[in-house]
Amino acid sequence: MHNFISRIVVRGSVAALLALTAVGGSHTSSAQGTDGEGAGTLGLSGPAVMAIVSIVDQRIAVYDAHGGVTQARVSSGRTEYETPVGVYSVLQKNRDHVSNLYEDARMPFMQRMTWSGVALHGGALPGYPASAGCVRLPNKFASEIFELTKLGTRIIVARRDVAPVAFSHSALPKPQLAAAEAVLTRTTFDPLADEQGKGSVFEPDLSNWPERQATLDSLRTVADEKAATAKAAAAPVEELKTTVKTRAAAVKKATGTKRTAERAKSRAEGRVTQAERRLAAAKQPATIKSREDALAKAQAGLDEAEAKLAEANAEVEAAEKAHAAAEQELAAAEAVFAEADAAAKEARRKTLPISVFVSLKEQRVYVRQGHEAVTDAPVTISNPETPIGTHVFTAVDFTPGGDDMRWTAVSIGPHVPGQDGYGKKAEPTPTDAVYAGAALDRIALPDDVSARISAALWPGSSIIVSDEEQSKETGESTDFVVLISGEPQGGI
């Protein structure tokens with residue numbers, strides 16, 4: 001077992017805290033708009049790394065990788081439709097979303113948090129929780145942060161407002177990025193294939209780290225080549241689908257002709273039978289002769305019907321054989337495409353941030369990348385009978401030199417009854433780095449899992465540690481969704 005977390009080291013804690021909390025600083029702005037429409041000047045100098053929603057304070061704070069933050073008022077879920085406290089990410093973006101649950105309600109600048117219907121979006125802000133589970137934002141603010149978030153941007157919903165702090169630890173994973181063949185394998189989701197064609201996936205900005213940029217470029221080149229191979233493999237699949245459809249129609253047509261021939265033969269057999277009975281009943285030579293002629297004519301008709309049926313049978317057999325051959329060709333082409341497509345998606349995912357979830361309740365560690373499961377394994381957590389809390393550690397950028405990561409920590413505190421009082425103006429409380437580090441001290445990961453994490457550790461990667469298990473909302477095409485027990489979960 002590899003000692004994943006050993007001892008906490010908080011470097012320059014006061015300066016780091018000020019740089020990353022929502023209090024003061026040249027990058028900080030307040031977007032409190034009195035009517036819920038104004039958003040103020042954004043204090044972000046780059047893409048959003050995370051957003052933290054406070055239920056009690058009815059406020060959202062959006063952070064970038066450099067300590068920049070901007071805030072706005074929100075309206076979260078009302079009683080029985082509460083926005084659940086927990087950890088989410090942006091799963092989908094749509095500028096002009098219309099709800100299919102709530103009478104076609106408009107949800108402009110929608111950023112989906114769960115597939116069951118919880119999202120950030122523009123809307124009315126009465127000053128208290130009023131939504132059906134979503135987090136409403138001032139419309140102008142919603143439009144501005146829509147441009148700064150990506151698929152995969154972390155969203156944390158907390159009871160009270162909490163701010164991330166700079167965080168370092170001697171055993172946090174260090175990047176060991178391979179040039180073209182990263183360790184991670186297996187998954188089926190293409191993170192770029194957003195269902196609505198809206199939004200792009202979170203990708204690290206490595207402009208300050210030329211060596212890391214070269215590594216990422218190498219991976220992207222491989223991904224582009226494999227994507228081109230998959231695209232080329234898709235063309236014959238589409239052509240063969242058309243061929244299969246055409247040949248299926250030919251089988252249907254030939255089968256119809258055969259059925260017509262079968263009915264014609266049946267009628268001809270009936271005429272022969274009737275002619276035979278009439279001939280058998282004839283007594284006079286002239287009648288016999290007449291009915292022999294009728295029988296011969298009926299038999300000729302039967303012979304012709306049988307010939308046409310034989311021809312129809314041959315046509316059906318040929319059509320079915322051609323159809324089966326086309327289906328076999330299609331199956332072979334689809335197999336080639338599936339292999340090429342899987343390789344392309346896997347190569348693409350290697351360029352994306354990784355997510356790790358350590359669950360005290362399940363005593364397991366889970367790894368996801370590109371919104372799909374990669375691996376999971378048992379994990380050793382000391383004193384498992386003692387709660388560990390819920391903490392999110394985010395790799396926001398490389399350190400100078402590009403050989404390590406700069407991390408932040410956010411801890412979601414427990415619900416303290418009697419401290420609700422919606423709309424408080426209190427500043428966010430900085431995360432207690434010692435408390436977060438104490439949780440990490442108890443965890444040890446298997447060596448192979450640690451190696452997988454280090455091999456895919458781009459900026460934007462995160463490690464979630466929690467008492468909780470994965471929510472049922474964690475599934476295909478999601479990052480981890482972790483809901484805090486003891487909190488209302490009406491929105492789910």
# chains A, B, ... in the order shown; residues from 1 in each chain; ligands from 1
$ select_by_dssp --residues "stretch 34-144 of chain A" --states "strand (DSSP E)" --output "ChimeraX atom specification"
/A:48-54,59-64,69-73,86-89,92-98,106-112,119-122,135-137
$ closest_residue --among "A:Arg442, A:Arg59, A:Arg95, A:Arg154" --to "A:Gln71" --atoms "only C-alpha atoms"
A:Arg59
$ closest_residue --among "A:Thr478, A:Thr431, A:Asn313, A:Ser54" --to "A:Gly86" --atoms "only C-alpha atoms"
A:Ser54
$ closest_residue --among "A:Ala281, A:Val62, A:Ile155, A:Val87" --to "A:Gln470" --atoms "only C-alpha atoms"
A:Val87
$ atom_distance --atom1 "atom CA of A:Leu352" --atom2 "atom CA of A:Val392"
18.2 Å
$ atom_distance --atom1 "atom CA of A:Thr153" --atom2 "atom CA of A:Val49"
5.8 Å
$ atom_distance --atom1 "atom CA of A:Asp448" --atom2 "atom CA of A:Asp479"
21.3 Å
$ closest_residue --among "A:Tyr128, A:Tyr88, A:Phe480, A:Phe337" --to "A:Val56" --atoms "only C-alpha atoms"
A:Tyr128
$ closest_residue --among "A:Thr255, A:Asn383, A:Ser76, A:Thr394" --to "A:Glu311" --atoms "only C-alpha atoms"
A:Thr255
$ closest_residue --among "A:Lys252, A:Arg277, A:Lys345, A:Arg136" --to "A:Thr229" --atoms "only C-alpha atoms"
A:Lys345
$ select_by_dssp --residues "stretch 146-331 of chain A" --states "helix (DSSP H, G or I)" --output "JSON, numbers by chain"
{"A": [146, 210, 211, 212, 213, 214, 215, 216, 217, 218, 219, 220, 221, 222, 223, 224, 225, 226, 227, 228, 229, 230, 231, 232, 233, 234, 235, 236, 237, 238, 239, 240, 241, 242, 243, 244, 245, 246, 247, 248, 249, 250, 251, 252, 253, 254, 255, 256, 257, 258, 259, 260, 261, 262, 263, 264, 265, 266, 267, 268, 269, 270, 271, 272, 273, 274, 275, 276, 277, 278, 279, 280, 281, 285, 286, 287, 288, 289, 290, 291, 292, 293, 294, 295, 296, 297, 298, 299, 300, 301, 302, 303, 304, 305, 306, 307, 308, 309, 310, 311, 312, 313, 314, 315, 316, 317, 318, 319, 320, 321, 322, 323, 324, 325, 326, 327, 328, 329, 330, 331]}
$ residues_around --residues "A:Glu487" --least-positions-apart "3" --cutoff "12 Å" --atoms "only C-alpha atoms" --output "MDAnalysis selection string"
chainID A and resid 55 79:86 157:159 412:417 482:484 490:492
$ write_last_selection --atoms "N, CA, C and O atoms" --output "JSON list (two decimals), in the first residue's frame"
[["chain", "number", "residue", "atom", "x", "y", "z"],
["A", 55, "ILE", "N", -26.00, 27.96, 0.66],
["A", 55, "ILE", "CA", -27.46, 27.93, 0.85],
["A", 55, "ILE", "C", -27.89, 29.00, 1.84],
["A", 55, "ILE", "O", -28.84, 29.75, 1.60],
["A", 79, "THR", "N", -38.42, 24.93, 0.21],
["A", 79, "THR", "CA", -38.73, 23.79, 1.07],
["A", 79, "THR", "C", -39.38, 22.66, 0.26],
["A", 79, "THR", "O", -40.29, 22.90, -0.55],
["A", 80, "GLU", "N", -38.89, 21.45, 0.49],
["A", 80, "GLU", "CA", -39.29, 20.22, -0.20],
["A", 80, "GLU", "C", -38.69, 20.09, -1.60],
["A", 80, "GLU", "O", -38.82, 19.06, -2.24],
["A", 81, "TYR", "N", -38.04, 21.16, -2.07],
["A", 81, "TYR", "CA", -37.33, 21.12, -3.35],
["A", 81, "TYR", "C", -35.90, 21.63, -3.17],
["A", 81, "TYR", "O", -35.30, 22.16, -4.09],
["A", 82, "GLU", "N", -35.35, 21.44, -1.97],
["A", 82, "GLU", "CA", -34.06, 22.02, -1.63],
["A", 82, "GLU", "C", -32.96, 21.59, -2.61],
["A", 82, "GLU", "O", -32.93, 20.45, -3.07],
["A", 83, "THR", "N", -32.06, 22.54, -2.89],
["A", 83, "THR", "CA", -30.85, 22.21, -3.64],
["A", 83, "THR", "C", -29.94, 21.44, -2.70],
["A", 83, "THR", "O", -29.52, 21.97, -1.67],
["A", 84, "PRO", "N", -29.61, 20.19, -3.00],
["A", 84, "PRO", "CA", -28.86, 19.37, -2.04],
["A", 84, "PRO", "C", -27.42, 19.87, -1.85],
["A", 84, "PRO", "O", -26.73, 20.19, -2.81],
["A", 85, "VAL", "N", -26.99, 19.93, -0.60],
["A", 85, "VAL", "CA", -25.60, 20.23, -0.28],
["A", 85, "VAL", "C", -24.74, 19.07, -0.78],
["A", 85, "VAL", "O", -25.06, 17.91, -0.57],
["A", 86, "GLY", "N", -23.65, 19.39, -1.48],
["A", 86, "GLY", "CA", -22.79, 18.33, -1.99],
["A", 86, "GLY", "C", -21.81, 18.83, -3.04],
["A", 86, "GLY", "O", -21.61, 20.03, -3.21],
["A", 157, "VAL", "N", -21.88, 22.87, -3.44],
["A", 157, "VAL", "CA", -23.00, 23.48, -2.74],
["A", 157, "VAL", "C", -22.79, 23.23, -1.25],
["A", 157, "VAL", "O", -22.74, 22.08, -0.82],
["A", 158, "ALA", "N", -22.64, 24.31, -0.48],
["A", 158, "ALA", "CA", -22.37, 24.20, 0.95],
["A", 158, "ALA", "C", -23.50, 24.85, 1.74],
["A", 158, "ALA", "O", -24.22, 25.71, 1.23],
["A", 159, "ARG", "N", -23.63, 24.42, 2.98],
["A", 159, "ARG", "CA", -24.64, 25.04, 3.84],
["A", 159, "ARG", "C", -24.29, 26.51, 4.07],
["A", 159, "ARG", "O", -25.10, 27.39, 3.86],
["A", 412, "ILE", "N", -16.51, 21.11, 3.21],
["A", 412, "ILE", "CA", -17.92, 21.39, 3.44],
["A", 412, "ILE", "C", -18.22, 21.07, 4.90],
["A", 412, "ILE", "O", -18.14, 19.90, 5.31],
["A", 413, "GLY", "N", -18.55, 22.09, 5.69],
["A", 413, "GLY", "CA", -18.80, 21.88, 7.11],
["A", 413, "GLY", "C", -20.14, 21.23, 7.36],
["A", 413, "GLY", "O", -21.03, 21.22, 6.51],
["A", 414, "PRO", "N", -20.33, 20.69, 8.57],
["A", 414, "PRO", "CA", -21.60, 20.06, 8.93],
["A", 414, "PRO", "C", -22.70, 21.10, 9.12],
["A", 414, "PRO", "O", -22.44, 22.28, 9.36],
["A", 415, "HIS", "N", -23.94, 20.65, 9.04],
["A", 415, "HIS", "CA", -25.09, 21.52, 9.24],
["A", 415, "HIS", "C", -25.21, 21.86, 10.72],
["A", 415, "HIS", "O", -25.30, 20.98, 11.55],
["A", 416, "VAL", "N", -25.20, 23.16, 11.02],
["A", 416, "VAL", "CA", -25.37, 23.61, 12.40],
["A", 416, "VAL", "C", -26.78, 24.19, 12.54],
["A", 416, "VAL", "O", -27.07, 25.24, 11.97],
["A", 417, "PRO", "N", -27.69, 23.50, 13.24],
["A", 417, "PRO", "CA", -29.07, 23.99, 13.37],
["A", 417, "PRO", "C", -29.11, 25.39, 13.98],
["A", 417, "PRO", "O", -28.28, 25.76, 14.81],
["A", 482, "VAL", "N", -21.59, 13.84, -5.05],
["A", 482, "VAL", "CA", -21.54, 13.41, -3.66],
["A", 482, "VAL", "C", -22.50, 14.28, -2.87],
["A", 482, "VAL", "O", -22.34, 15.51, -2.84],
["A", 483, "LEU", "N", -23.52, 13.69, -2.26],
["A", 483, "LEU", "CA", -24.51, 14.42, -1.49],
["A", 483, "LEU", "C", -24.26, 14.20, -0.01],
["A", 483, "LEU", "O", -23.91, 13.09, 0.41],
["A", 484, "ILE", "N", -24.44, 15.24, 0.79],
["A", 484, "ILE", "CA", -24.15, 15.18, 2.21],
["A", 484, "ILE", "C", -25.38, 14.71, 2.98],
["A", 484, "ILE", "O", -26.44, 15.35, 2.93],
["A", 490, "GLY", "N", -34.33, 17.50, -1.34],
["A", 490, "GLY", "CA", -35.57, 17.57, -2.11],
["A", 490, "GLY", "C", -35.37, 17.77, -3.58],
["A", 490, "GLY", "O", -36.15, 17.29, -4.41],
["A", 491, "GLY", "N", -34.30, 18.48, -3.99],
["A", 491, "GLY", "CA", -34.04, 18.73, -5.39],
["A", 491, "GLY", "C", -33.64, 17.49, -6.15],
["A", 491, "GLY", "O", -33.67, 17.47, -7.39],
["A", 492, "ILE", "N", -33.23, 16.43, -5.45],
["A", 492, "ILE", "CA", -32.87, 15.16, -6.10],
["A", 492, "ILE", "C", -34.03, 14.20, -5.99],
["A", 492, "ILE", "O", -34.36, 13.49, -6.90]]
